[in-house]
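This report refers to the structure that appears directly beneath it.
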Amino acid sequence: MIVVTGATGNVGRPLVRALLAAGETVTAVSRRTPDELPAGVRHHRADLAAPRTLKPALDGAESLFLLTSGDFMAAGGDLGQVLEVVRAAGVRRVVLLSSQGVGTGDHPSAPEDAVRRSGLGWTMLRPGGFHSNTLQWAGRVRAERTVTAPFGDVALPTVDPDDIAEMAAVALRDPEHAGLVHELTGPAPVSPRQQTAAIGDALGEPVRFVEQSRAEARAEMTRFMPEPVADATLDILGDPSEGLRRVSPDIERVLGRPPRSFADWATRNASAFR
């Protein structure tokens, strides 16, 4: 049996589907009860901030997909305590959704460090930015056919959440991935201006791109995130390191096909922007 935390999110949902399609027994874990789940999936409500709430979901589990939310990390959540519960339950392997920035030194390594110290078998998945981050533009695209964002021509190789999910499904099922770190990117760097054009193509009508100044973007971001987080995010978006710009071969090497492009994602998700 495989347990998936964050099962109602952009990666968790397709991961649950991929595991079911592979014939696995799946327990989906989330902080809230979902409106619906695929037939045959057991759901357990738990919060990693209260590690013991996870224990009932782990009975009989062999592998765990571990996603630590931004809320958990911002609140100083103790991943070591979570992993103690996981190990005590007899789980043998953990696949951690980490970040490409850990490898480049742009993001803290604490979650990976905790997993490495846990004594469990592990695989690290380090994705770059998600294609689906552009869903934050959807409301304005629907209302005004406009996108506003900073650094319009700075390109990064964002990745499709479905590709992350497929990589996680392989790592959870195949013990040969134990002890490996997979860096996950899309097939090519893409800028906010190019993403806007791809959304317009998916809709079949133009979408206008308006570039924000850094100050304008910061004022908007600090409405819903701490100032230090906003500043660090803008630093990365405005002047990413060479490591964050690099396209990784890992998805194609493991899955035997190229990663999905942003244009492909926009076409599949066009309804969100209509």
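Lettering and numbering for the structure tokens are positional, with chains as A, B, ... in the shown order, residues counted from 1 in each chain, and ligands counted from 1 in the shown order.
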Taking 2 positions as the minimum chain separation for residues in the same chain, which residues sit within 8 Å of Asp163 in chain A when counting only C-alpha atoms? Answer as an MDAnalysis selection string. chainID A and resid 159:161 165:167 251 259:260
Write out as a ChimeraX atom specification each polymer residue whose atoms come within 8 Å of Asp250 in chain A, counting only C-alpha atoms; drop sequence neighbours fewer than 4 positions from it. /A:182-184,254
Name all residues at most 12 Å from Asn133 in chain A (count only C-alpha atoms; drop same-chain ones fewer than 6 positions away) and give them as an MDAnalysis selection string. chainID A and resid 10 149 158:161 192 195 262 265:266
Please produce an output containing all heavy atoms for each residue in the selection, written as an mmCIF file, in the first residue's frame.
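So the final result, stored in result.cif, reads:
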data_model
loop_
_atom_site.group_PDB
_atom_site.id
_atom_site.type_symbol
_atom_site.label_atom_id
_atom_site.label_comp_id
_atom_site.auth_asym_id
_atom_site.auth_seq_id
_atom_site.Cartn_x
_atom_site.Cartn_y
_atom_site.Cartn_z
ATOM 1 N N ASN A 10 -2.018 19.831 -6.749
ATOM 2 C CA ASN A 10 -1.709 19.754 -8.174
ATOM 3 C C ASN A 10 -0.881 18.524 -8.542
ATOM 4 O O ASN A 10 -0.964 18.037 -9.674
ATOM 5 C CB ASN A 10 -0.959 21.017 -8.620
ATOM 6 C CG ASN A 10 -1.831 22.245 -8.646
ATOM 7 O OD1 ASN A 10 -3.028 22.160 -8.925
ATOM 8 N ND2 ASN A 10 -1.253 23.389 -8.347
ATOM 9 N N ALA A 149 2.706 40.577 -14.591
ATOM 10 C CA ALA A 149 3.756 39.841 -13.883
ATOM 11 C C ALA A 149 5.069 40.588 -14.059
ATOM 12 O O ALA A 149 5.257 41.313 -15.041
ATOM 13 C CB ALA A 149 3.879 38.414 -14.417
ATOM 14 N N THR A 158 9.973 25.699 -16.344
ATOM 15 C CA THR A 158 8.916 25.200 -15.460
ATOM 16 C C THR A 158 8.453 23.816 -15.897
ATOM 17 O O THR A 158 8.616 23.417 -17.050
ATOM 18 C CB THR A 158 7.731 26.174 -15.428
ATOM 19 O OG1 THR A 158 7.194 26.333 -16.759
ATOM 20 C CG2 THR A 158 8.147 27.532 -14.894
ATOM 21 N N VAL A 159 7.824 23.092 -14.963
ATOM 22 C CA VAL A 159 7.523 21.677 -15.171
ATOM 23 C C VAL A 159 6.038 21.404 -14.958
ATOM 24 O O VAL A 159 5.375 22.065 -14.153
ATOM 25 C CB VAL A 159 8.398 20.806 -14.234
ATOM 26 C CG1 VAL A 159 8.077 21.052 -12.769
ATOM 27 C CG2 VAL A 159 8.268 19.317 -14.562
ATOM 28 N N ASP A 160 5.528 20.429 -15.681
ATOM 29 C CA ASP A 160 4.124 20.038 -15.591
ATOM 30 C C ASP A 160 3.909 19.193 -14.327
ATOM 31 O O ASP A 160 4.622 18.213 -14.110
ATOM 32 C CB ASP A 160 3.755 19.208 -16.822
ATOM 33 C CG ASP A 160 2.265 19.030 -17.000
ATOM 34 O OD1 ASP A 160 1.568 18.721 -16.009
ATOM 35 O OD2 ASP A 160 1.776 19.191 -18.135
ATOM 36 N N PRO A 161 2.939 19.545 -13.484
ATOM 37 C CA PRO A 161 2.676 18.719 -12.293
ATOM 38 C C PRO A 161 2.372 17.264 -12.622
ATOM 39 O O PRO A 161 2.682 16.370 -11.822
ATOM 40 C CB PRO A 161 1.465 19.401 -11.641
ATOM 41 C CG PRO A 161 1.544 20.816 -12.094
ATOM 42 C CD PRO A 161 2.092 20.756 -13.493
ATOM 43 N N PRO A 192 7.443 34.586 -18.664
ATOM 44 C CA PRO A 192 6.037 34.971 -18.460
ATOM 45 C C PRO A 192 5.379 35.504 -19.736
ATOM 46 O O PRO A 192 4.203 35.229 -19.987
ATOM 47 C CB PRO A 192 6.137 36.050 -17.382
ATOM 48 C CG PRO A 192 7.354 35.681 -16.601
ATOM 49 C CD PRO A 192 8.324 35.165 -17.619
ATOM 50 N N GLN A 195 4.593 32.461 -21.754
ATOM 51 C CA GLN A 195 3.479 31.735 -21.146
ATOM 52 C C GLN A 195 2.151 32.417 -21.465
ATOM 53 O O GLN A 195 1.151 31.757 -21.760
ATOM 54 C CB GLN A 195 3.682 31.642 -19.639
ATOM 55 C CG GLN A 195 4.821 30.718 -19.234
ATOM 56 C CD GLN A 195 5.115 30.787 -17.753
ATOM 57 O OE1 GLN A 195 5.074 31.862 -17.144
ATOM 58 N NE2 GLN A 195 5.422 29.646 -17.142
ATOM 59 N N PHE A 262 5.007 23.872 -21.578
ATOM 60 C CA PHE A 262 3.990 24.757 -21.018
ATOM 61 C C PHE A 262 2.816 24.893 -21.980
ATOM 62 O O PHE A 262 1.654 24.935 -21.545
ATOM 63 C CB PHE A 262 4.563 26.147 -20.701
ATOM 64 C CG PHE A 262 3.514 27.056 -20.123
ATOM 65 C CD1 PHE A 262 3.198 26.983 -18.774
ATOM 66 C CD2 PHE A 262 2.801 27.936 -20.923
ATOM 67 C CE1 PHE A 262 2.187 27.790 -18.237
ATOM 68 C CE2 PHE A 262 1.799 28.744 -20.393
ATOM 69 C CZ PHE A 262 1.496 28.665 -19.047
ATOM 70 N N TRP A 265 0.486 22.087 -21.460
ATOM 71 C CA TRP A 265 -0.274 22.264 -20.215
ATOM 72 C C TRP A 265 -1.381 23.296 -20.405
ATOM 73 O O TRP A 265 -2.515 23.092 -19.953
ATOM 74 C CB TRP A 265 0.664 22.705 -19.088
ATOM 75 C CG TRP A 265 -0.052 22.950 -17.800
ATOM 76 C CD1 TRP A 265 -0.317 22.051 -16.812
ATOM 77 C CD2 TRP A 265 -0.652 24.182 -17.365
ATOM 78 N NE1 TRP A 265 -1.044 22.637 -15.791
ATOM 79 C CE2 TRP A 265 -1.255 23.950 -16.109
ATOM 80 C CE3 TRP A 265 -0.732 25.459 -17.929
ATOM 81 C CZ2 TRP A 265 -1.924 24.946 -15.414
ATOM 82 C CZ3 TRP A 265 -1.405 26.458 -17.228
ATOM 83 C CH2 TRP A 265 -1.997 26.194 -15.981
ATOM 84 N N ALA A 266 -1.068 24.418 -21.064
ATOM 85 C CA ALA A 266 -2.064 25.472 -21.266
ATOM 86 C C ALA A 266 -3.241 24.965 -22.097
ATOM 87 O O ALA A 266 -4.401 25.287 -21.805
ATOM 88 C CB ALA A 266 -1.418 26.676 -21.944
#
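Across range 99-138 of chain A, DSSP run on the backbone finds strand (DSSP E) at Gly121, Trp122, Thr123, Met124, Leu125, Arg126 and Pro127 of chain A.
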Could you tell me how far CA of Leu96 in chain A sits from CA of Ala114 in chain A, in Å to one decimal place? 10.4 Å
Between A:Pro108, A:Pro56, A:Pro249, A:Gly6, which residue has the minimum interatomic distance to Ala232 in chain A, considering only C-alpha atoms?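 Checking each candidate against Ala232 in chain A, we get A:Pro108 as the closest.
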Pick out each residue of range 82-263 of chain A that DSSP on the backbone tags as helix (DSSP H, G or I); I need them as an MDAnalysis selection string. chainID A and resid 82:88 100:104 110:117 131:144 161:173 175:177 192:203 214:221 227:238 242:245 250:255 262:263
For Gly119 in chain A, please output as a ChimeraX atom specification all residues within 10 Å (counting only C-alpha atoms; exclusion window: fewer than 4 positions along the same chain). /A:83-84,87,92-93,114-115
Could you please determine the separation between CA of Arg140 in chain A and CA of Arg274 in chain A in Å, to one decimal place? 10.2 Å
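When the distance limit is 12 Å and only C-alpha atoms are what count, the residues near Thr233 in chain A, minus those fewer than 2 positions from it on the same chain, are Gly101, Asp106, His107, Gly129, Pro150, Phe151, Arg214, Ala217, Arg218, Met221, Thr222, Met225, Pro226, Glu227, Pro228, Val229, Ala230, Asp231, Asp235, Ile236, Leu237, Gly238, Asp239 and Pro240 of chain A.
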